[in-house]
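Printed here is target.pdb (PDB, C-alpha atoms and all ligand atoms):
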ATOM      1  CA  MET A  26      -5.786  -7.997  -1.400  1.00  0.00           C
ATOM      2  CA  CYS A  27      -4.539  -5.684  -4.118  1.00  0.00           C
ATOM      3  CA  LYS A  28      -4.163  -5.919  -7.857  1.00  0.00           C
ATOM      4  CA  HIS A  29      -0.401  -6.453  -7.696  1.00  0.00           C
ATOM      5  CA  VAL A  30      -0.140  -9.337  -5.255  1.00  0.00           C
ATOM      6  CA  LEU A  31      -3.333 -11.377  -5.389  1.00  0.00           C
ATOM      7  CA  ASN A  32      -2.403 -13.677  -2.550  1.00  0.00           C
ATOM      8  CA  ALA A  33      -0.859 -11.123  -0.197  1.00  0.00           C
ATOM      9  CA  GLN A  34      -0.820 -12.404   3.362  1.00  0.00           C
ATOM     10  CA  VAL A  35       0.244  -9.213   5.114  1.00  0.00           C
ATOM     11  CA  SER A  36      -0.138  -5.473   4.867  1.00  0.00           C
ATOM     12  CA  ILE A  37       2.926  -3.301   5.300  1.00  0.00           C
ATOM     13  CA  ARG A  38       2.977   0.030   7.098  1.00  0.00           C
ATOM     14  CA  ALA A  39       4.799   2.686   5.125  1.00  0.00           C
ATOM     15  CA  PRO A  40       7.265   4.392   7.492  1.00  0.00           C
ATOM     16  CA  CYS A  41       7.080   7.622   5.473  1.00  0.00           C
ATOM     17  CA  CYS A  42       3.322   8.319   5.519  1.00  0.00           C
ATOM     18  CA  LYS A  43       2.229   5.932   8.308  1.00  0.00           C
ATOM     19  CA  LYS A  44      -0.385   4.245   6.147  1.00  0.00           C
ATOM     20  CA  TRP A  45      -1.058   0.601   5.414  1.00  0.00           C
ATOM     21  CA  PHE A  46      -0.460  -0.834   1.971  1.00  0.00           C
ATOM     22  CA  ASP A  47      -0.778  -4.317   0.534  1.00  0.00           C
ATOM     23  CA  CYS A  48       2.480  -3.978  -1.357  1.00  0.00           C
ATOM     24  CA  PRO A  49       5.092  -1.358  -2.286  1.00  0.00           C
ATOM     25  CA  GLU A  50       3.428  -0.890  -5.690  1.00  0.00           C
ATOM     26  CA  CYS A  51       0.210   0.224  -4.024  1.00  0.00           C
ATOM     27  CA  HIS A  52       2.227   2.878  -2.199  1.00  0.00           C
ATOM     28  CA  ALA A  53       3.916   3.984  -5.413  1.00  0.00           C
ATOM     29  CA  GLU A  54       0.586   4.347  -7.231  1.00  0.00           C
ATOM     30  CA  THR A  55      -1.300   6.291  -4.581  1.00  0.00           C
ATOM     31  CA  GLN A  56       1.490   8.414  -3.056  1.00  0.00           C
ATOM     32  CA  ASP A  57       3.640  11.042  -4.721  1.00  0.00           C
ATOM     33  CA  HIS A  58       6.779  10.201  -2.769  1.00  0.00           C
ATOM     34  CA  ASN A  59       9.111   7.225  -2.565  1.00  0.00           C
ATOM     35  CA  LEU A  60       8.548   4.556   0.039  1.00  0.00           C
ATOM     36  CA  ALA A  61      10.983   5.244   2.853  1.00  0.00           C
ATOM     37  CA  LYS A  62      13.332   2.466   3.850  1.00  0.00           C
ATOM     38  CA  THR A  63      13.307   1.389   7.455  1.00  0.00           C
ATOM     39  CA  ILE A  64      15.189  -1.163   9.517  1.00  0.00           C
ATOM     40  CA  GLU A  65      12.109  -1.973  11.567  1.00  0.00           C
ATOM     41  CA  MET A  66       9.187  -2.745   9.301  1.00  0.00           C
ATOM     42  CA  ALA A  67       5.619  -2.977  10.600  1.00  0.00           C
ATOM     43  CA  PHE A  68       3.365  -5.695   9.187  1.00  0.00           C
ATOM     44  CA  MET A  69      -0.228  -6.704   9.732  1.00  0.00           C
ATOM     45  CA  CYS A  70      -1.218 -10.310   9.250  1.00  0.00           C
ATOM     46  CA  LYS A  71      -4.292 -10.594   7.040  1.00  0.00           C
ATOM     47  CA  LYS A  72      -5.269 -13.863   8.679  1.00  0.00           C
ATOM     48  CA  CYS A  73      -5.423 -12.857  12.343  1.00  0.00           C
ATOM     49  CA  LYS A  74      -5.477  -9.065  11.762  1.00  0.00           C
ATOM     50  CA  LYS A  75      -2.698  -8.458  14.264  1.00  0.00           C
ATOM     51  CA  ALA A  76       0.223  -6.164  13.735  1.00  0.00           C
ATOM     52  CA  PHE A  77       3.834  -7.067  14.371  1.00  0.00           C
ATOM     53  CA  ARG A  78       7.266  -5.617  13.719  1.00  0.00           C
ATOM     54  CA  LYS A  79      10.360  -7.123  12.174  1.00  0.00           C
ATOM     55  CA  ASP A  80      13.906  -5.900  12.264  1.00  0.00           C
ATOM     56  CA  MET A  81      14.813  -6.118   8.599  1.00  0.00           C
ATOM     57  CA  THR A  82      18.549  -6.193   9.338  1.00  0.00           C
ATOM     58  CA  THR A  83      18.246  -9.560  11.105  1.00  0.00           C
ATOM     59  CA  TYR A  84      15.562 -11.086   8.903  1.00  0.00           C
ATOM     60  CA  GLU A  85      15.665 -14.883   8.759  1.00  0.00           C
ATOM     61  CA  ASP A  86      13.623 -17.700   7.274  1.00  0.00           C
ATOM     62  CA  SER A  87      11.914 -18.258  10.609  1.00  0.00           C
ATOM     63  CA  ASP A  88      10.681 -14.675  10.482  1.00  0.00           C
ATOM     64  CA  GLU A  89       8.462 -15.490   7.528  1.00  0.00           C
ATOM     65  CA  TYR A  90       5.700 -16.619   9.875  1.00  0.00           C
ATOM     66  CA  CYS A  91       3.190 -14.450  11.699  1.00  0.00           C
ATOM     67  CA  PRO A  92       4.199 -14.423  15.396  1.00  0.00           C
ATOM     68  CA  HIS A  93       0.524 -14.535  16.406  1.00  0.00           C
ATOM     69  CA  CYS A  94      -0.997 -17.277  14.248  1.00  0.00           C
ATOM     70  CA  ASP A  95       1.989 -18.832  12.413  1.00  0.00           C
ATOM     71  CA  ASN A  96       0.558 -17.829   9.055  1.00  0.00           C
ATOM     72  CA  HIS A  97       3.347 -18.210   6.484  1.00  0.00           C
ATOM     73  CA  TYR A  98       3.165 -14.754   4.975  1.00  0.00           C
ATOM     74  CA  VAL A  99       6.233 -14.695   2.762  1.00  0.00           C
ATOM     75  CA  ILE A 100       5.075 -16.592  -0.289  1.00  0.00           C
ATOM     76  CA  ASP A 101       5.677 -16.318  -4.000  1.00  0.00           C
ATOM     77  CA  ALA A 102       3.552 -13.420  -5.135  1.00  0.00           C
ATOM     78  CA  LYS A 103       0.761 -14.267  -7.532  1.00  0.00           C
ATOM     79  CA  THR A 104       0.538 -11.299  -9.847  1.00  0.00           C
ATOM     80  CA  PRO A 105      -2.247 -10.554 -12.324  1.00  0.00           C
ATOM     81  CA  GLN A 106      -1.484 -11.435 -15.933  1.00  0.00           C
ATOM     82  CA  ALA A 107      -2.594  -8.121 -17.395  1.00  0.00           C
ATOM     83  CA  VAL A 108      -3.614  -4.863 -15.794  1.00  0.00           C
ATOM     84  CA  VAL A 109      -4.671  -2.594 -18.612  1.00  0.00           C
ATOM     85  CA  GLY A 110      -6.852   0.472 -18.851  1.00  0.00           C
ATOM     86  CA  VAL A 111      -8.224   0.594 -15.312  1.00  0.00           C
ATOM     87  CA  GLU A 112      -5.388   2.408 -13.547  1.00  0.00           C
ATOM     88  CA  GLY A 113      -7.257   5.661 -12.816  1.00  0.00           C
ATOM     89  CA  GLY A 114     -10.428   4.013 -11.610  1.00  0.00           C
ATOM     90  CA  ASP A 115      -8.599   1.629  -9.314  1.00  0.00           C
ATOM     91  CA  ALA A 116      -6.609   4.426  -7.709  1.00  0.00           C
ATOM     92  CA  ARG A 117      -9.814   6.231  -6.785  1.00  0.00           C
ATOM     93  CA  VAL A 118     -11.312   3.117  -5.241  1.00  0.00           C
ATOM     94  CA  ASP A 119      -8.139   2.615  -3.215  1.00  0.00           C
ATOM     95  CA  ASN A 120      -8.297   6.212  -2.035  1.00  0.00           C
ATOM     96  CA  ARG A 121     -11.816   5.770  -0.730  1.00  0.00           C
ATOM     97  CA  MET A 122     -10.954   2.546   1.030  1.00  0.00           C
ATOM     98  CA  LEU A 123      -8.032   4.032   2.900  1.00  0.00           C
ATOM     99  CA  LYS A 124      -8.826   5.843   6.099  1.00  0.00           C
ATOM    100  CA  ASP A 125      -9.388   9.549   6.730  1.00  0.00           C
ATOM    101  CA  GLU A 126      -5.747  10.124   7.704  1.00  0.00           C
ATOM    102  CA  ARG A 127      -4.895  10.751   4.099  1.00  0.00           C
ATOM    103  CA  VAL A 128      -7.870  12.938   3.202  1.00  0.00           C
ATOM    104  CA  LYS A 129      -5.965  16.188   3.773  1.00  0.00           C
ATOM    105  CA  GLN A 130      -3.176  15.222   1.407  1.00  0.00           C
ATOM    106  CA  THR A 131      -5.605  13.978  -1.204  1.00  0.00           C
ATOM    107  CA  LYS A 132      -7.629  17.195  -1.043  1.00  0.00           C
ATOM    108  CA  ILE A 133      -4.638  19.368  -1.764  1.00  0.00           C
ATOM    109  CA  ARG A 134      -3.833  17.318  -4.790  1.00  0.00           C
ATOM    110  CA  THR A 135      -7.461  17.212  -5.937  1.00  0.00           C
ATOM    111  CA  ILE A 136      -7.811  20.999  -5.787  1.00  0.00           C
ATOM    112  CA  TRP A 137      -4.604  21.337  -7.730  1.00  0.00           C
ATOM    113  CA  ASN A 138      -5.845  18.910 -10.354  1.00  0.00           C
ATOM    114  CA  ASP A 139      -9.178  20.744 -10.651  1.00  0.00           C
ATOM    115  CA  ASP A 140      -7.387  24.029 -11.299  1.00  0.00           C
ATOM    116  CA  GLU A 141      -5.405  22.412 -14.037  1.00  0.00           C
ATOM    117  CA  LEU A 142      -8.577  21.024 -15.526  1.00  0.00           C
ATOM    118  CA  ASP A 143     -10.310  24.439 -15.442  1.00  0.00           C
ATOM    119  CA  GLU A 144      -7.439  25.991 -17.319  1.00  0.00           C
ATOM    120  CA  LYS A 145      -7.744  23.366 -19.977  1.00  0.00           C
ATOM    121  CA  LEU A 146     -11.497  23.874 -20.226  1.00  0.00           C
ATOM    122  CA  ASP A 147     -11.129  27.664 -20.587  1.00  0.00           C
ATOM    123  CA  PHE A 148      -8.715  27.115 -23.378  1.00  0.00           C
TER     124      PHE A 148
HETATM  125 ZN    ZN A 201       4.763   6.958   2.009  1.00  0.00          ZN
HETATM  126 ZN    ZN A 202      -0.401  -3.599  -4.621  1.00  0.00          ZN
HETATM  127 ZN    ZN A 203      -1.409 -13.968  11.955  1.00  0.00          ZN
END

Taking this structure as input, can you express it in the form of structure tokens?
Amino acid sequence: MCKHVLNAQVSIRAPCCKKWFDCPECHAETQDHNLAKTIEMAFMCKKCKKAFRKDMTTYEDSDEYCPHCDNHYVIDAKTPQAVVGVEGGDARVDNRMLKDERVKQTKIRTIWNDDELDEKLDF
């Protein structure tokens, strides 16, 4: 569940940073690079919690179902009406919820941000 697609049925695994996201927007908000395109996309069904792969070049209607539990995961996305003023806070919560794999990357950026902040404070 993320704030972009309220009824998301699957997580997607970003081929670029090997992390799980609820939707491409979540990747865009928390990462500083573009989501890499891949012909074989990895998904994880939110219903049965099992991962599966799909070849995106041969994607058909019948592929819209989880191969493990038949959950129909390609559905019209329900998106929130208004997301205003909570961007920063949400990003931090997301960061904490994601696993340690990304801690290194986040640290580098956090240190950088702190330095910037110190400069501003000195001024
Ligand atoms: Zn990425
Ligand atoms: Zn999202
Ligand atoms: Zn499933």

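Applied to the file shown here, the PyMOL selection byres (((chain A and resi 45) around 10) and not hetatm) selects Val35, Ser36, Ile37, Arg38, Ala39, Pro40, Cys42, Lys43, Lys44, Phe46, Asp47, Cys48, Cys51, His52, Ala67, Phe68, Met69, Leu123 and Lys124 of chain A.
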
Please write the residues from the selection above to a file, keeping C-alpha atoms, as a PDB file, keeping the file's coordinate frame.
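Result saved to out-v1.pdb:
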ATOM      1  CA  VAL A  35       0.244  -9.213   5.114  1.00  0.00           C
ATOM      2  CA  SER A  36      -0.138  -5.473   4.867  1.00  0.00           C
ATOM      3  CA  ILE A  37       2.926  -3.301   5.300  1.00  0.00           C
ATOM      4  CA  ARG A  38       2.977   0.030   7.098  1.00  0.00           C
ATOM      5  CA  ALA A  39       4.799   2.686   5.125  1.00  0.00           C
ATOM      6  CA  PRO A  40       7.265   4.392   7.492  1.00  0.00           C
ATOM      7  CA  CYS A  42       3.322   8.319   5.519  1.00  0.00           C
ATOM      8  CA  LYS A  43       2.229   5.932   8.308  1.00  0.00           C
ATOM      9  CA  LYS A  44      -0.385   4.245   6.147  1.00  0.00           C
ATOM     10  CA  PHE A  46      -0.460  -0.834   1.971  1.00  0.00           C
ATOM     11  CA  ASP A  47      -0.778  -4.317   0.534  1.00  0.00           C
ATOM     12  CA  CYS A  48       2.480  -3.978  -1.357  1.00  0.00           C
ATOM     13  CA  CYS A  51       0.210   0.224  -4.024  1.00  0.00           C
ATOM     14  CA  HIS A  52       2.227   2.878  -2.199  1.00  0.00           C
ATOM     15  CA  ALA A  67       5.619  -2.977  10.600  1.00  0.00           C
ATOM     16  CA  PHE A  68       3.365  -5.695   9.187  1.00  0.00           C
ATOM     17  CA  MET A  69      -0.228  -6.704   9.732  1.00  0.00           C
ATOM     18  CA  LEU A 123      -8.032   4.032   2.900  1.00  0.00           C
ATOM     19  CA  LYS A 124      -8.826   5.843   6.099  1.00  0.00           C
TER      20      LYS A 124
END

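Minimum distance to Lys72 (chain A) across A:Asn32, A:Asn96, A:Gln56, A:Thr104 (counting only C-alpha atoms) occurs at A:Asn96.
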
Given a cut-off of 10 Å, what residues near ligand ZN 203 (chain A) show up using all atoms listed in the file, put as a PDB file with C-alpha atoms, in the frame of the given file?
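Result went into selection.pdb, see below:
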ATOM      1  CA  GLN A  34      -0.820 -12.404   3.362  1.00  0.00           C
ATOM      2  CA  VAL A  35       0.244  -9.213   5.114  1.00  0.00           C
ATOM      3  CA  PHE A  68       3.365  -5.695   9.187  1.00  0.00           C
ATOM      4  CA  MET A  69      -0.228  -6.704   9.732  1.00  0.00           C
ATOM      5  CA  CYS A  70      -1.218 -10.310   9.250  1.00  0.00           C
ATOM      6  CA  LYS A  71      -4.292 -10.594   7.040  1.00  0.00           C
ATOM      7  CA  LYS A  72      -5.269 -13.863   8.679  1.00  0.00           C
ATOM      8  CA  CYS A  73      -5.423 -12.857  12.343  1.00  0.00           C
ATOM      9  CA  LYS A  74      -5.477  -9.065  11.762  1.00  0.00           C
ATOM     10  CA  LYS A  75      -2.698  -8.458  14.264  1.00  0.00           C
ATOM     11  CA  ALA A  76       0.223  -6.164  13.735  1.00  0.00           C
ATOM     12  CA  PHE A  77       3.834  -7.067  14.371  1.00  0.00           C
ATOM     13  CA  TYR A  90       5.700 -16.619   9.875  1.00  0.00           C
ATOM     14  CA  CYS A  91       3.190 -14.450  11.699  1.00  0.00           C
ATOM     15  CA  PRO A  92       4.199 -14.423  15.396  1.00  0.00           C
ATOM     16  CA  HIS A  93       0.524 -14.535  16.406  1.00  0.00           C
ATOM     17  CA  CYS A  94      -0.997 -17.277  14.248  1.00  0.00           C
ATOM     18  CA  ASP A  95       1.989 -18.832  12.413  1.00  0.00           C
ATOM     19  CA  ASN A  96       0.558 -17.829   9.055  1.00  0.00           C
ATOM     20  CA  HIS A  97       3.347 -18.210   6.484  1.00  0.00           C
ATOM     21  CA  TYR A  98       3.165 -14.754   4.975  1.00  0.00           C
TER      22      TYR A  98
END

Practice task
Name all residues at most 10 Å from Lys103 (chain A) (count only C-alpha atoms; drop same-chain ones fewer than 5 positions away) and give them as a ChimeraX atom specification.
Solution key: /A:28-33

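Here CA of Glu54 (chain A) is placed at a distance of 27.9 Å from CA of Asp88 (chain A).
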
Completion exercise
From the list A:Leu60, A:Thr55, A:Ile100, A:Pro49, the nearest residue to ligand ZN 201 (chain A) using all atoms listed in the file is A:Leu60

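Separating CA of Asp86 (chain A) from CA of Asp101 (chain A) is a distance of 13.9 Å.
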
Practice task
Take CA of Thr63 (chain A) and CA of Met81 (chain A) and report the distance between them in Å, one decimal.
Solution key: 7.7 Å

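Considering only C-alpha atoms and all ligand atoms, the residue among A:Pro105, A:Asp57, A:Cys27, A:Glu50 positioned nearest to ligand ZN 201 (chain A) is A:Asp57.
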
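Between ligand ZN 201 (chain A) and the residues A:Ala53, A:Ser87, A:Thr82, A:Ile64, the shortest atom-to-atom distance, using only C-alpha atoms and all ligand atoms, involves A:Ala53.
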